[in-house]
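What follows is the content of coords_37.cif, which has mmCIF, C-alpha atoms:
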```cif
data_model
loop_
_atom_site.group_PDB
_atom_site.id
_atom_site.type_symbol
_atom_site.label_atom_id
_atom_site.label_comp_id
_atom_site.auth_asym_id
_atom_site.auth_seq_id
_atom_site.Cartn_x
_atom_site.Cartn_y
_atom_site.Cartn_z
ATOM 1 C CA ARG A 1 161.427 183.497 136.711
ATOM 2 C CA GLY A 2 161.782 179.856 135.676
ATOM 3 C CA GLY A 3 158.238 179.894 134.328
ATOM 4 C CA HIS A 4 158.970 182.907 132.145
ATOM 5 C CA LEU A 5 162.146 181.321 130.756
ATOM 6 C CA ARG A 6 160.316 178.054 130.053
ATOM 7 C CA ALA A 7 157.484 179.891 128.253
ATOM 8 C CA THR A 8 160.032 181.916 126.246
ATOM 9 C CA LEU A 9 161.842 178.741 125.168
ATOM 10 C CA GLN A 10 158.576 177.029 124.240
ATOM 11 C CA ALA A 11 157.432 180.088 122.264
ATOM 12 C CA SER A 12 160.761 180.080 120.457
ATOM 13 C CA PHE A 13 160.338 176.373 119.694
ATOM 14 C CA VAL A 14 156.882 176.954 118.170
ATOM 15 C CA LYS A 15 158.173 179.893 116.090
ATOM 16 C CA ASP A 16 161.103 177.772 114.863
ATOM 17 C CA LEU A 17 158.749 174.912 113.965
ATOM 18 C CA TYR A 18 156.719 177.297 111.837
ATOM 19 C CA GLU A 19 159.790 178.736 110.123
ATOM 20 C CA ASP A 20 161.223 175.256 109.493
ATOM 21 C CA PHE A 21 157.916 174.080 108.039
ATOM 22 C CA ILE A 22 157.705 177.085 105.692
ATOM 23 C CA GLU A 23 161.316 176.492 104.614
ATOM 24 C CA PHE A 24 160.480 172.803 104.020
ATOM 25 C CA LEU A 25 157.496 173.786 101.876
ATOM 26 C CA ALA A 26 159.572 176.242 99.811
ATOM 27 C CA GLU A 27 162.354 173.691 99.354
ATOM 28 C CA THR A 28 159.826 171.014 98.397
ATOM 29 C CA MET A 29 158.427 173.276 95.690
ATOM 30 C CA ALA A 30 161.911 174.087 94.399
ATOM 31 C CA ARG A 31 162.907 170.432 94.236
ATOM 32 C CA ALA A 32 159.674 169.462 92.502
ATOM 33 C CA ALA A 33 160.266 172.221 89.954
ATOM 34 C CA GLN A 34 163.836 170.974 89.411
ATOM 35 C CA LYS A 35 162.578 167.439 88.869
ATOM 36 C CA GLY A 36 160.167 168.670 86.243
ATOM 37 C CA ILE A 37 156.582 169.626 86.835
ATOM 38 C CA ASP A 38 153.818 170.959 84.622
ATOM 39 C CA PRO A 39 154.799 174.641 84.348
ATOM 40 C CA ASN A 40 151.196 175.647 83.674
ATOM 41 C CA ARG A 41 150.054 174.146 86.963
ATOM 42 C CA PHE A 42 153.146 175.224 88.907
ATOM 43 C CA ALA A 43 153.334 178.851 87.797
ATOM 44 C CA GLY A 44 150.010 179.265 86.025
ATOM 45 C CA ASN A 45 149.587 182.761 84.669
ATOM 46 C CA MET A 46 151.573 184.270 87.542
ATOM 47 C CA LYS A 47 153.713 187.203 86.481
ATOM 48 C CA LEU A 48 157.060 187.426 88.223
ATOM 49 C CA GLU A 49 159.720 190.090 88.168
ATOM 50 C CA ILE A 50 163.126 188.487 87.759
ATOM 51 C CA LYS A 51 166.322 190.337 86.885
ATOM 52 C CA ALA A 52 168.408 189.005 84.030
ATOM 53 C CA THR A 53 171.508 189.340 86.209
ATOM 54 C CA ASP A 54 169.935 186.980 88.769
ATOM 55 C CA LEU A 55 169.215 184.407 86.065
ATOM 56 C CA LEU A 56 172.707 184.678 84.614
ATOM 57 C CA ALA A 57 174.238 184.407 88.090
ATOM 58 C CA ALA A 58 172.201 181.263 88.817
ATOM 59 C CA GLY A 59 174.901 179.217 87.092
ATOM 60 C CA SER A 60 172.727 176.310 85.943
ATOM 61 C CA TRP A 61 169.255 175.343 84.857
ATOM 62 C CA ASP A 62 168.538 174.048 88.382
ATOM 63 C CA GLY A 63 169.670 177.430 89.703
ATOM 64 C CA VAL A 64 167.275 179.255 87.362
ATOM 65 C CA VAL A 65 164.420 176.912 88.295
ATOM 66 C CA THR A 66 165.181 177.480 91.985
ATOM 67 C CA ILE A 67 164.994 181.255 91.540
ATOM 68 C CA ILE A 68 161.652 180.967 89.739
ATOM 69 C CA SER A 69 160.323 178.521 92.323
ATOM 70 C CA GLN A 70 161.330 180.851 95.155
ATOM 71 C CA LYS A 71 159.528 183.736 93.455
ATOM 72 C CA VAL A 72 156.398 181.603 92.983
ATOM 73 C CA PHE A 73 156.533 180.552 96.629
ATOM 74 C CA ARG A 74 157.019 184.138 97.850
ATOM 75 C CA ALA A 75 154.002 185.205 95.795
ATOM 76 C CA LEU A 76 151.950 182.430 97.416
ATOM 77 C CA GLU A 77 153.314 183.390 100.823
ATOM 78 C CA GLY A 78 151.874 186.861 100.294
ATOM 79 C CA GLU A 79 148.526 185.214 101.009
ATOM 80 C CA ARG A 80 149.202 185.786 104.727
ATOM 81 C CA LYS A 81 147.102 182.775 105.714
ATOM 82 C CA THR A 82 149.138 179.655 106.337
ATOM 83 C CA THR A 83 146.271 177.323 105.507
ATOM 84 C CA GLU A 84 145.851 179.025 102.115
ATOM 85 C CA LEU A 85 149.597 178.870 101.501
ATOM 86 C CA ILE A 86 149.553 175.113 102.131
ATOM 87 C CA LYS A 87 146.498 174.586 99.910
ATOM 88 C CA LYS A 88 147.900 176.686 97.065
ATOM 89 C CA ALA A 89 151.309 175.006 97.262
ATOM 90 C CA ALA A 90 149.610 171.588 97.215
ATOM 91 C CA THR A 91 147.505 172.607 94.219
ATOM 92 C CA ARG A 92 150.542 173.887 92.306
ATOM 93 C CA LEU A 93 152.326 170.605 93.037
ATOM 94 C CA GLY A 94 149.264 168.485 92.280
ATOM 95 C CA LEU A 95 149.165 166.987 95.791
ATOM 96 C CA LYS A 96 146.158 165.767 97.725
ATOM 97 C CA ILE A 97 146.846 166.327 101.415
ATOM 98 C CA ASP A 98 144.288 164.997 103.881
ATOM 99 C CA GLN A 99 142.436 168.037 105.229
ATOM 100 C CA ALA A 100 142.329 166.476 108.715
ATOM 101 C CA ILE A 101 146.135 166.463 108.819
ATOM 102 C CA ILE A 102 146.236 170.128 107.801
ATOM 103 C CA ASP A 103 143.511 171.005 110.325
ATOM 104 C CA ALA A 104 145.394 169.250 113.145
ATOM 105 C CA ALA A 105 148.522 171.343 112.525
ATOM 106 C CA MET A 106 146.795 174.703 112.066
ATOM 107 C CA PRO A 107 146.355 175.672 115.753
ATOM 108 C CA TYR A 108 150.129 175.425 116.146
ATOM 109 C CA LEU A 109 151.068 177.031 112.839
ATOM 110 C CA ASP A 110 148.585 179.850 113.527
ATOM 111 C CA ALA A 111 149.993 180.240 117.049
ATOM 112 C CA ARG A 112 153.167 181.664 115.557
ATOM 113 C CA HIS A 113 151.306 184.826 114.538
ATOM 114 C CA MET A 114 149.923 185.219 118.061
ATOM 115 C CA LEU A 115 153.383 184.676 119.569
ATOM 116 C CA VAL A 116 155.206 187.058 117.241
ATOM 117 C CA HIS A 117 152.693 189.870 116.898
ATOM 118 C CA GLN A 118 150.636 189.684 120.083
ATOM 119 C CA ASP A 119 153.059 188.276 122.664
ATOM 120 C CA GLY A 120 151.027 185.072 122.815
ATOM 121 C CA ARG A 121 147.668 186.762 123.326
ATOM 122 C CA ALA A 122 144.991 184.754 121.592
ATOM 123 C CA ASP A 123 142.568 187.025 119.792
ATOM 124 C CA GLU A 124 138.895 186.145 119.500
ATOM 125 C CA LEU A 125 139.255 184.661 116.019
ATOM 126 C CA TYR A 126 142.120 182.366 117.073
ATOM 127 C CA SER A 127 140.268 181.246 120.209
ATOM 128 C CA ARG A 128 137.060 180.588 118.296
ATOM 129 C CA LYS A 129 138.836 178.749 115.489
ATOM 130 C CA HIS A 130 141.098 176.638 117.738
ATOM 131 C CA LYS A 131 138.958 175.657 120.704
ATOM 132 C CA SER A 132 141.335 172.814 121.648
ATOM 133 C CA VAL A 133 144.100 175.293 122.542
ATOM 134 C CA VAL A 134 144.196 176.195 126.216
ATOM 135 C CA VAL A 135 144.086 179.953 126.817
ATOM 136 C CA LYS A 136 144.587 181.414 130.286
ATOM 137 C CA ASN A 137 144.287 185.120 131.068
ATOM 138 C CA GLY A 138 143.967 185.748 127.343
ATOM 139 C CA LYS A 139 147.290 184.066 126.442
ATOM 140 C CA ILE A 140 148.046 180.741 124.839
ATOM 141 C CA VAL A 141 149.275 178.305 127.487
ATOM 142 C CA LEU A 142 152.728 177.250 126.322
ATOM 143 C CA ASP A 143 153.408 174.041 128.148
ATOM 144 C CA SER A 144 154.955 170.701 127.233
ATOM 145 C CA THR A 145 151.587 169.411 125.988
ATOM 146 C CA PHE A 146 151.201 172.337 123.577
ATOM 147 C CA THR A 147 154.752 172.070 122.220
ATOM 148 C CA ALA A 148 154.544 168.267 121.877
ATOM 149 C CA LYS A 149 151.285 168.572 119.912
ATOM 150 C CA ALA A 150 152.836 171.316 117.780
ATOM 151 C CA ARG A 151 155.831 169.118 116.995
ATOM 152 C CA ASP A 152 153.758 166.010 116.292
ATOM 153 C CA THR A 153 151.076 167.610 114.125
ATOM 154 C CA ILE A 154 153.456 169.758 112.055
ATOM 155 C CA ASP A 155 155.743 166.746 111.586
ATOM 156 C CA ALA A 156 152.743 164.663 110.451
ATOM 157 C CA LEU A 157 151.832 167.359 107.921
ATOM 158 C CA ALA A 158 155.396 167.517 106.556
ATOM 159 C CA ARG A 159 155.485 163.712 106.299
ATOM 160 C CA ALA A 160 152.143 163.672 104.447
ATOM 161 C CA ILE A 161 153.494 166.224 101.958
ATOM 162 C CA ASP A 162 156.695 164.196 101.605
ATOM 163 C CA GLN A 163 154.739 160.997 100.901
ATOM 164 C CA GLU A 164 152.683 162.751 98.238
ATOM 165 C CA ILE A 165 155.796 164.231 96.619
ATOM 166 C CA ILE A 166 157.516 160.829 96.569
ATOM 167 C CA GLY A 167 154.358 159.110 95.317
ATOM 168 C CA ALA A 168 154.047 161.626 92.484
ATOM 169 C CA ARG A 169 157.757 161.146 91.658
ATOM 170 C CA LEU A 170 158.422 164.848 92.055
ATOM 171 C CA VAL A 171 161.810 164.427 93.655
ATOM 172 C CA LYS A 172 165.180 163.614 92.134
ATOM 173 C CA PRO A 173 166.954 160.549 93.559
ATOM 174 C CA GLU A 174 169.774 162.725 94.947
ATOM 175 C CA HIS A 175 167.217 164.653 97.024
ATOM 176 C CA MET A 176 165.958 161.478 98.677
ATOM 177 C CA HIS A 177 167.244 160.966 102.200
ATOM 178 C CA PRO A 178 167.669 157.375 103.429
#
```
File written out as C-alpha cells:
Amino acid sequence: RGGHLRATLQASFVKDLYEDFIEFLAETMARAAQKGIDPNRFAGNMKLEIKATDLLAAGSWDGVVTIISQKVFRALEGERKTTELIKKAATRLGLKIDQAIIDAAMPYLDARHMLVHQDGRADELYSRKHKSVVVKNGKIVLDSTFTAKARDTIDALARAIDQEIIGARLVKPEHMHP
C-alpha cells in the first residue's frame, strides 16, 4: 500500500511539474508581448478568433495583449508535442535555447502523457526515445531518482528560457523577481 501511495504522489508531482512549466511558458509569452515584441514574429500570419466583448472587458492594453498572447499560445499548444511547443514558443520570442537542455527535460515532460493517458505505461515510442528512463513491467519507474531528475531538468529548462528572456530585454522591470 505504501508503495502505491508513493508512486501516486510522485506521478502527481511529475504532472504538476509539467502543468507548472506550461503555465510558465504561457506567462513568459504574455509578459514578452506586454513588454513589446515584433508582432510579425510573435503572431506571424496566425488568424485568431477573439470576441470584441473580450477585448473591451480586458480593461487595458496589457489586458488585450494578454488575451492575444494566450490565444497564440493555445494555438501553439494544439501542436500536441511538447518539444514542438517549446521550439515554436522560442522561435516566436526570438530565443535560442540550448537543445541539450531541452532534450534533458523531455523524458520527464513526455512522461506526463504516459501518466495521464496510460497510467504510467511506457509505449514503445516513449521507451525507444527515452532510453535513460527505467521501465519495469511496462511502466515508468516513479522513484525519487526519477522525480529529482524531472525537477532538476525542467527547472534548468525554465531557467534557460528566463535567462534568454532577460538577455533579450523582453520583460518589464515590474515582472522581474529579486
All residues 10 Å or closer to Tyr126 of chain A, only C-alpha atoms, same chain fewer than 5 positions away omitted, as a list in words: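 Listed by chain and then number, they are Pro107, Asp110, Ala111, His113, Met114, Arg121, Lys131, Val133 and Ile140 of chain A.
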Apply the PyMOL selection byres ((chain A and resi 68) around 10) to the displayed file and report the matching residues as a ChimeraX atom specification. /A:30,33,43,48-50,55,62-67,69-74
Pick the closest to Ser132 of chain A from A:Leu56, A:Ala105, A:Leu5, A:Leu157: which is it, counting only C-alpha atoms?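 Of all the options, A:Ala105 lies closest to Ser132 of chain A.
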For segment 164-172 of chain A, work out the shell of residues within 12 Å, counting all atoms listed in the file and skipping chain neighbours fewer than 2 positions away, then give it as number ranges by chain. A: 25, 27-38, 62, 89-98, 157-162, 174-177
Closest contacts (segment 16-37 of chain A/segment 141-147 of chain A, max 12 Å, only C-alpha atoms) as a Markdown table:
```
| residue | atom | partner | partner_atom | distance |
| --- | --- | --- | --- | --- |
| A:Asp16 | CA | A:Thr147 | CA | 11.3 |
| A:Leu17 | CA | A:Thr147 | CA | 9.6 |
| A:Tyr18 | CA | A:Thr147 | CA | 11.8 |
```
Can I get the selection written as an mmCIF file, keeping the file's coordinate frame, with C-alpha atoms?
```cif
data_model
loop_
_atom_site.group_PDB
_atom_site.id
_atom_site.type_symbol
_atom_site.label_atom_id
_atom_site.label_comp_id
_atom_site.auth_asym_id
_atom_site.auth_seq_id
_atom_site.Cartn_x
_atom_site.Cartn_y
_atom_site.Cartn_z
ATOM 1 C CA ASP A 16 161.103 177.772 114.863
ATOM 2 C CA LEU A 17 158.749 174.912 113.965
ATOM 3 C CA TYR A 18 156.719 177.297 111.837
#
```
Rounded to one decimal place, report the atom CA of Ala26 of chain A-atom CA of Asp119 of chain A distance in Å.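 Between atom CA of Ala26 of chain A and atom CA of Asp119 of chain A the gap works out to 26.6 Å.
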Which polymer residues, protein or nucleic acid, are no farther than 12 Å from (149.4, 181.9, 112.0), counting only C-alpha atoms, as a PyMOL selection string? chain A and resi 14-15+17-19+22+77+79-86+105-118+120+122-123+125-126+129-130
Please define a box with edges along x, y and z of the file around all atoms of segment 45-63 of chain A given in the file, extend it by 5 Å on each side, and return its centre and edge lengths in Å to one decimal, as lines of an AutoDock Vina configuration file.
```
center_x = 162.2
center_y = 182.2
center_z = 86.9
size_x = 35.3
size_y = 26.3
size_z = 15.7
```
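For the atom pair formed by atom CA of Lys88 of chain A and atom CA of Phe42 of chain A, the distance is 9.8 Å, given to one decimal.
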Point-to-point distance from atom CA of Ala58 of chain A to atom CA of Gly44 of chain A, Å rounded to tenths: 22.5 Å
Which one of A:Lys47, A:Lys136, A:His4, A:Ala104 sits closest to Asp155 of chain A if you count all atoms listed in the file?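 That would be A:Ala104, the residue with the smallest distance to Asp155 of chain A.
Among the candidates A:Phe21, A:Ile102, A:Val134, A:Ala57, the one nearest to Lys87 of chain A when counting all atoms listed in the file is A:Ile102.
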